[in-house]
$ cat model-v9.txt   # compact mmCIF, C-alpha atoms
# COMPACT_ATOMS: atom_id res chain seq x y z
CA MET Y 1 77.49 111.81 102.39
CA GLU Y 2 76.82 109.42 105.30
CA TRP Y 3 80.47 108.86 106.12
CA LEU Y 4 81.10 112.58 106.43
CA SER Y 5 77.93 113.12 108.50
CA ARG Y 6 79.02 110.44 110.96
CA LEU Y 7 82.48 111.92 111.29
CA ASN Y 8 81.13 115.41 111.94
CA ALA Y 9 78.62 113.99 114.44
CA ALA Y 10 81.57 112.51 116.35
CA MET Y 11 83.26 115.93 116.34
CA LEU Y 12 80.07 117.54 117.66
CA TYR Y 13 80.04 115.02 120.51
CA LEU Y 14 83.64 116.01 121.31
CA GLU Y 15 82.72 119.71 121.42
CA GLU Y 16 79.83 119.02 123.77
CA HIS Y 17 82.11 117.15 126.19
CA LEU Y 18 85.23 119.33 126.33
CA ASP Y 19 84.47 120.07 129.99
CA ASP Y 20 83.44 116.47 130.65
CA GLU Y 21 84.83 113.01 129.99
CA ILE Y 22 85.44 112.40 126.29
CA GLU Y 23 84.91 108.73 125.51
CA LEU Y 24 86.95 107.71 122.48
CA ALA Y 25 84.98 104.48 122.14
CA HIS Y 26 81.74 106.47 121.88
CA MET Y 27 83.21 108.82 119.27
CA ALA Y 28 84.30 105.81 117.22
CA GLN Y 29 80.84 104.28 117.62
CA ILE Y 30 79.25 107.44 116.24
CA ALA Y 31 81.64 107.32 113.28
CA CYS Y 32 80.91 103.58 112.81
CA CYS Y 33 84.48 102.35 113.10
CA SER Y 34 86.92 101.07 115.70
CA PRO Y 35 88.69 103.51 118.08
CA PHE Y 36 91.98 102.67 116.33
CA HIS Y 37 90.63 103.46 112.87
CA PHE Y 38 88.85 106.59 114.11
CA GLN Y 39 92.07 108.06 115.52
CA ARG Y 40 94.02 107.10 112.44
CA MET Y 41 91.37 108.55 110.14
CA PHE Y 42 91.25 111.80 112.14
CA SER Y 43 95.04 112.17 112.06
CA TYR Y 44 95.16 111.71 108.27
CA LEU Y 45 92.36 114.21 107.64
CA ALA Y 46 93.24 116.84 110.26
CA GLU Y 47 97.01 116.37 109.93
CA ALA Y 48 97.27 116.35 113.73
CA PRO Y 49 96.79 113.66 116.38
CA LEU Y 50 93.34 113.57 117.99
CA SER Y 51 94.89 113.98 121.45
CA GLU Y 52 96.62 117.20 120.35
CA TYR Y 53 93.41 118.56 118.83
CA ILE Y 54 91.52 117.89 122.06
CA ARG Y 55 94.25 119.63 124.08
CA ARG Y 56 94.13 122.68 121.78
CA ARG Y 57 90.35 122.94 122.01
CA LYS Y 58 90.37 122.60 125.80
CA MET Y 59 93.02 125.27 126.20
CA THR Y 60 91.11 127.55 123.81
CA LYS Y 61 88.00 127.21 125.98
CA ALA Y 62 90.07 127.60 129.16
CA ALA Y 63 91.47 130.91 127.86
CA GLU Y 64 87.93 132.12 127.18
CA ASP Y 65 86.91 131.22 130.74
CA LEU Y 66 89.92 133.02 132.20
CA GLN Y 67 89.11 136.22 130.34
CA SER Y 68 85.34 136.24 130.74
CA GLY Y 69 84.83 135.41 134.41
CA ASP Y 70 86.24 135.27 137.89
CA GLN Y 71 86.52 131.50 138.23
CA ARG Y 72 89.56 130.32 140.12
CA ILE Y 73 92.33 128.90 137.97
CA VAL Y 74 92.21 125.64 139.94
CA ASP Y 75 88.49 125.31 139.16
CA ILE Y 76 89.06 125.90 135.44
CA ALA Y 77 91.85 123.33 135.52
CA LEU Y 78 89.48 120.75 137.05
CA LYS Y 79 86.76 121.68 134.57
CA TYR Y 80 88.96 120.63 131.67
CA GLY Y 81 90.24 117.45 133.26
CA TYR Y 82 93.46 118.58 134.96
CA ASP Y 83 93.73 117.39 138.57
CA SER Y 84 97.06 119.15 139.01
CA PRO Y 85 97.43 122.94 138.64
CA THR Y 86 101.00 122.27 137.51
CA ALA Y 87 99.82 120.03 134.67
CA PHE Y 88 97.20 122.60 133.65
CA ASN Y 89 99.78 125.40 133.72
CA ARG Y 90 102.13 123.33 131.54
CA ALA Y 91 99.39 122.52 129.02
CA PHE Y 92 98.18 126.12 128.91
CA GLN Y 93 101.66 127.53 128.36
CA GLY Y 94 102.30 124.90 125.70
CA ILE Y 95 99.42 126.32 123.66
CA HIS Y 96 99.38 130.03 124.52
CA GLY Y 97 102.97 130.68 125.55
CA ILE Y 98 101.92 132.40 128.78
CA ALA Y 99 100.77 131.24 132.23
CA PRO Y 100 97.03 131.09 133.01
CA SER Y 101 97.40 133.98 135.46
CA GLU Y 102 98.80 136.16 132.65
CA ALA Y 103 95.78 135.37 130.45
CA ARG Y 104 93.54 137.46 132.72
CA LYS Y 105 95.47 140.65 132.00
CA PRO Y 106 94.21 143.18 129.43
CA ALA Y 107 95.71 142.76 125.95
CA ALA Y 108 97.03 139.28 126.79
CA SER Y 109 98.12 137.52 123.59
CA LEU Y 110 96.27 134.22 123.22
CA LYS Y 111 95.68 131.60 120.52
CA ALA Y 112 92.33 130.22 119.39
CA TYR Y 113 91.88 126.82 117.76
CA LEU Y 114 88.41 126.63 116.23
CA PRO Y 115 86.27 123.48 116.06
CA ILE Y 116 86.96 121.23 113.10
CA SER Y 117 84.18 120.50 110.64
CA PHE Y 118 85.18 118.14 107.86
CA LYS Y 119 84.34 119.05 104.29
CA ILE Y 120 86.15 116.66 102.03
CA THR Y 121 87.01 117.34 98.40
CA ILE Y 122 87.70 114.20 96.44
CA LYS Y 123 90.66 115.25 94.32
CA GLY Y 124 91.15 112.16 92.19
CA GLU Y 125 94.32 113.73 90.81
CA ALA Y 126 95.99 110.34 90.42
CA GLU Y 127 94.50 106.93 89.79
CA MET Y 128 94.09 104.43 92.61
CA ASN Y 129 94.16 100.77 91.58
CA TYR Y 130 92.28 98.44 93.89
CA ARG Y 131 90.17 95.30 94.08
CA ILE Y 132 87.71 93.94 96.65
CA GLU Y 133 88.40 90.39 97.88
CA LYS Y 134 87.00 88.19 100.63
CA LYS Y 135 89.75 86.21 102.38
CA ASP Y 136 89.72 83.32 104.84
CA ALA Y 137 91.55 83.57 108.17
CA LEU Y 138 95.32 83.76 107.72
CA ARG Y 139 98.00 82.58 110.15
CA ILE Y 140 101.17 84.64 110.25
CA VAL Y 141 104.50 84.13 112.06
CA GLY Y 142 107.02 86.85 112.81
CA VAL Y 143 108.24 89.53 115.17
CA LYS Y 144 105.83 91.68 117.18
CA ALA Y 145 106.24 95.20 118.58
CA HIS Y 146 103.83 97.29 120.66
CA PHE Y 147 103.21 100.97 119.83
CA GLU Y 148 101.12 103.80 121.21
CA LEU Y 149 98.84 105.18 118.51
CA ASN Y 150 100.31 108.41 117.15
CA VAL Y 151 100.25 108.45 113.37
CA GLU Y 152 103.10 110.91 112.89
CA GLU Y 153 105.36 109.06 115.35
CA ASN Y 154 104.32 105.69 113.94
CA PHE Y 155 105.43 106.84 110.47
CA GLU Y 156 108.96 106.97 111.94
CA GLN Y 157 108.79 104.09 114.45
CA ILE Y 158 107.54 101.37 112.12
CA PRO Y 159 110.16 101.91 109.37
CA ALA Y 160 112.78 101.88 112.15
CA LEU Y 161 111.44 98.50 113.30
CA TRP Y 162 111.84 97.14 109.76
CA VAL Y 163 115.45 98.35 109.63
CA LYS Y 164 116.18 96.75 113.01
CA THR Y 165 114.55 93.48 111.92
CA VAL Y 166 116.63 93.34 108.75
CA GLN Y 167 119.91 94.29 110.42
CA SER Y 168 119.48 91.76 113.22
CA GLY Y 169 119.02 88.87 110.80
CA VAL Y 170 115.48 88.17 111.99
CA PHE Y 171 114.02 89.27 108.66
CA ALA Y 172 115.85 86.47 106.84
CA ARG Y 173 114.37 83.96 109.31
CA ILE Y 174 110.87 85.32 108.69
CA LEU Y 175 111.36 85.26 104.92
CA GLY Y 176 112.21 81.56 105.12
CA LEU Y 177 108.79 80.84 106.68
CA VAL Y 178 106.67 82.14 103.77
CA ASN Y 179 104.64 79.23 102.37
CA GLN Y 180 101.12 80.68 102.05
CA GLU Y 181 99.45 83.39 99.96
CA PRO Y 182 100.13 86.24 99.64
CA LYS Y 183 103.76 85.33 98.93
CA GLY Y 184 105.36 88.31 100.59
CA ILE Y 185 106.29 89.74 103.99
CA LEU Y 186 103.39 91.34 105.84
CA GLY Y 187 103.17 94.39 108.07
CA VAL Y 188 100.08 93.83 110.24
CA SER Y 189 98.50 96.27 112.71
CA SER Y 190 96.44 94.25 115.20
CA CYS Y 191 94.84 94.39 118.68
CA MET Y 192 93.83 97.98 117.96
CA ASN Y 193 92.03 99.53 120.94
CA GLY Y 194 92.37 103.19 120.00
CA LYS Y 195 95.29 103.95 122.33
CA ASP Y 196 97.87 101.42 121.20
CA PHE Y 197 98.34 98.47 118.88
CA ASP Y 198 100.57 95.53 118.05
CA TYR Y 199 102.51 95.55 114.80
CA TYR Y 200 103.82 92.36 113.20
CA ILE Y 201 106.49 91.90 110.57
CA ALA Y 202 105.51 88.41 109.57
CA ALA Y 203 105.24 85.65 107.01
CA PRO Y 204 102.01 83.94 105.90
CA SER Y 205 102.88 80.49 107.18
CA ASP Y 206 101.57 77.23 108.63
CA LEU Y 207 105.03 76.14 109.82
CA PRO Y 208 105.97 75.72 113.51
CA VAL Y 209 106.82 78.95 115.32
CA PRO Y 210 110.62 79.34 115.75
CA GLU Y 211 112.00 80.47 119.09
CA GLY Y 212 111.83 84.24 119.52
CA LEU Y 213 108.97 84.70 117.03
CA GLU Y 214 105.20 84.79 117.53
CA ALA Y 215 102.13 83.60 115.67
CA TYR Y 216 98.92 85.53 115.07
CA THR Y 217 95.76 84.71 113.12
CA VAL Y 218 94.33 87.45 110.92
CA PRO Y 219 90.54 86.92 110.96
CA ALA Y 220 88.51 86.25 107.84
CA CYS Y 221 87.43 89.53 106.29
CA THR Y 222 86.65 91.44 103.13
CA TRP Y 223 89.55 93.61 102.01
CA ALA Y 224 89.98 96.57 99.70
CA ILE Y 225 93.41 95.80 98.24
CA PHE Y 226 95.33 98.74 96.80
CA SER Y 227 98.42 98.58 94.60
CA CYS Y 228 101.27 100.86 95.64
CA ILE Y 229 104.21 101.73 93.39
CA GLY Y 230 107.21 103.73 94.54
CA PRO Y 231 110.07 103.84 97.06
CA MET Y 232 109.36 102.87 100.66
CA PRO Y 233 108.21 104.08 103.11
CA ALA Y 234 107.09 107.37 101.53
CA ALA Y 235 104.97 105.79 98.79
CA ILE Y 236 102.94 103.56 101.11
CA GLN Y 237 102.44 106.32 103.69
CA ALA Y 238 101.15 108.68 101.01
CA LEU Y 239 98.81 105.98 99.69
CA GLN Y 240 97.40 105.27 103.15
CA LYS Y 241 96.49 108.94 103.55
CA ARG Y 242 94.86 109.03 100.11
CA ILE Y 243 92.81 105.92 100.85
CA VAL Y 244 91.28 107.56 103.92
CA SER Y 245 90.84 111.07 102.54
CA GLU Y 246 89.88 110.30 98.92
CA TRP Y 247 88.70 106.73 98.40
CA LEU Y 248 86.90 105.78 101.61
CA PRO Y 249 84.42 108.71 101.79
CA SER Y 250 82.85 107.91 98.40
CA SER Y 251 83.47 104.18 98.15
CA GLY Y 252 80.28 102.76 99.64
CA TYR Y 253 82.45 100.95 102.22
CA GLU Y 254 83.53 101.66 105.77
CA TYR Y 255 86.15 100.22 108.09
CA ALA Y 256 85.61 96.67 109.31
CA ASN Y 257 86.87 95.47 112.68
CA ALA Y 258 90.01 93.74 111.47
CA PRO Y 259 93.75 94.51 111.16
CA ASP Y 260 95.33 96.75 108.55
CA ILE Y 261 97.81 94.86 106.36
CA GLU Y 262 100.75 95.88 104.17
CA VAL Y 263 102.13 93.27 101.75
CA TYR Y 264 105.75 93.69 100.65
CA PHE Y 265 106.92 91.66 97.69
CA GLU Y 266 110.47 90.79 96.65
CA GLY Y 267 112.44 93.61 95.06
CA ASP Y 268 114.36 96.81 95.74
CA GLN Y 269 112.14 98.81 98.11
CA GLN Y 270 113.94 102.05 97.17
CA ALA Y 271 113.22 101.64 93.46
CA VAL Y 272 110.70 103.97 91.79
CA ASP Y 273 108.88 100.93 90.36
CA TYR Y 274 108.81 98.86 93.56
CA ARG Y 275 105.37 97.31 94.10
CA CYS Y 276 103.57 96.48 97.33
CA GLU Y 277 99.95 96.39 98.53
CA VAL Y 278 97.77 97.95 101.24
CA TRP Y 279 94.88 95.80 102.52
CA LEU Y 280 92.10 97.82 104.13
CA PRO Y 281 89.47 95.80 106.09
CA VAL Y 282 86.06 96.91 104.84
CA THR Y 283 82.36 96.22 105.11
CA LYS Y 284 79.48 97.54 103.06
CA LYS Y 285 78.29 100.88 104.42
CA GLN Y 286 75.12 100.64 106.46
CA ALA Y 287 72.37 103.22 105.99
CA ILE Y 288 71.76 105.48 108.97

$ encode --input "model-v9.txt" --output "structure tokens"
Amino acid sequence: MEWLSRLNAAMLYLEEHLDDEIELAHMAQIACCSPFHFQRMFSYLAEAPLSEYIRRRKMTKAAEDLQSGDQRIVDIALKYGYDSPTAFNRAFQGIHGIAPSEARKPAASLKAYLPISFKITIKGEAEMNYRIEKKDALRIVGVKAHFELNVEENFEQIPALWVKTVQSGVFARILGLVNQEPKGILGVSSCMNGKDFDYYIAAPSDLPVPEGLEAYTVPACTWAIFSCIGPMPAAIQALQKRIVSEWLPSSGYEYANAPDIEVYFEGDQQAVDYRCEVWLPVTKKQAI
């Protein structure tokens, strides 16, 4: 499976550079996707942020170095990218629960986090309804917020932004701007550089931009459009994980360099039959 081979090749690159500079952009290039989508994909599959995985692996290797040689602690800290002994000590204790100096002692209790190798089982335990559509560029108008990329935190931060937008009355203003397809309110993740991203709650609209709101143009792209049924935000978050872990590996498609889009239609978002859509930017998979 090409997709899986590329992902594991990116993980091999990471292992080979634990004591060197790890370039996220290069890892994403190996996996044939953007840095944003690579981090998101990793978090869904590994159920941990990429940054946390890297920290665990570095501290595992650092513990091995402390026990197997006579290198100075400050040199080991520098080896794994820590300019400050204090920062290294904090990171080491965060993983192992003891100071680096204690790790040299006989019978020291340490933790080991082994390298990840992805072997994906396509469960298919529930149907996934989708269609592939090519769309022209789309102008949207709404409120924008900036987030650091951390999937678990984002799963809390973005719903909180929706609540704030509704309670402040801004949502009603955005809703009044909808005059283009798809006739719903969009959640759009854009400007995705792998470390952070902009998120819009916006209307598809060609109307003038009201004061306090911003416009953004979603580029033309091919989209895999998935139907989602269930109460928000749990249903859409579960679907996003399934798309990455079940559909994408065997689909014949890979991520395209375009925003992720959620489309929310009118209705009670807490209802068990509430319907929305997830738009995944895709391109036909290229042979290696």

$ closest_residue --input "model-v9.txt" --among "Y:Pro100, Y:Gly267, Y:Gly230, Y:Pro249" --to "Ile76 of chain Y" --atoms "only C-alpha atoms"
Y:Pro100

$ atom_distance --input "model-v9.txt" --atom1 "atom CA of Arg6 of chain Y" --atom2 "atom CA of Ile30 of chain Y"
6.1 Å

$ residues_near_point --input "model-v9.txt" --point "(99.3, 85.5, 95.3)" --cutoff "12 Å" --atoms "all atoms listed in the file" --output "compact mmCIF listing (two decimals) with C-alpha atoms, in the coordinates of the input"
# COMPACT_ATOMS: atom_id res chain seq x y z
CA LYS Y 135 89.75 86.21 102.38
CA VAL Y 178 106.67 82.14 103.77
CA ASN Y 179 104.64 79.23 102.37
CA GLN Y 180 101.12 80.68 102.05
CA GLU Y 181 99.45 83.39 99.96
CA PRO Y 182 100.13 86.24 99.64
CA LYS Y 183 103.76 85.33 98.93
CA GLY Y 184 105.36 88.31 100.59
CA ILE Y 185 106.29 89.74 103.99
CA PRO Y 204 102.01 83.94 105.90
CA VAL Y 263 102.13 93.27 101.75
CA TYR Y 264 105.75 93.69 100.65
CA PHE Y 265 106.92 91.66 97.69
CA CYS Y 276 103.57 96.48 97.33
CA GLU Y 277 99.95 96.39 98.53

$ closest_residue --input "model-v9.txt" --among "Y:Lys285, Y:Lys195, Y:Arg242, Y:Lys79" --to "Gln39 of chain Y" --atoms "only C-alpha atoms"
Y:Lys195

$ residues_around --input "model-v9.txt" --residues "segment 207-217 of chain Y" --least-positions-apart "6" --cutoff "8 Å" --atoms "only C-alpha atoms" --output "PDB file with C-alpha atoms, in the coordinates of the input"
ATOM      1  CA  ALA Y 137      91.550  83.570 108.170  1.00  0.00           C
ATOM      2  CA  LEU Y 138      95.320  83.760 107.720  1.00  0.00           C
ATOM      3  CA  ARG Y 139      98.000  82.580 110.150  1.00  0.00           C
ATOM      4  CA  ILE Y 140     101.170  84.640 110.250  1.00  0.00           C
ATOM      5  CA  VAL Y 141     104.500  84.130 112.060  1.00  0.00           C
ATOM      6  CA  GLY Y 142     107.020  86.850 112.810  1.00  0.00           C
ATOM      7  CA  VAL Y 143     108.240  89.530 115.170  1.00  0.00           C
ATOM      8  CA  LYS Y 144     105.830  91.680 117.180  1.00  0.00           C
ATOM      9  CA  LEU Y 177     108.790  80.840 106.680  1.00  0.00           C
TER      10      LEU Y 177
END
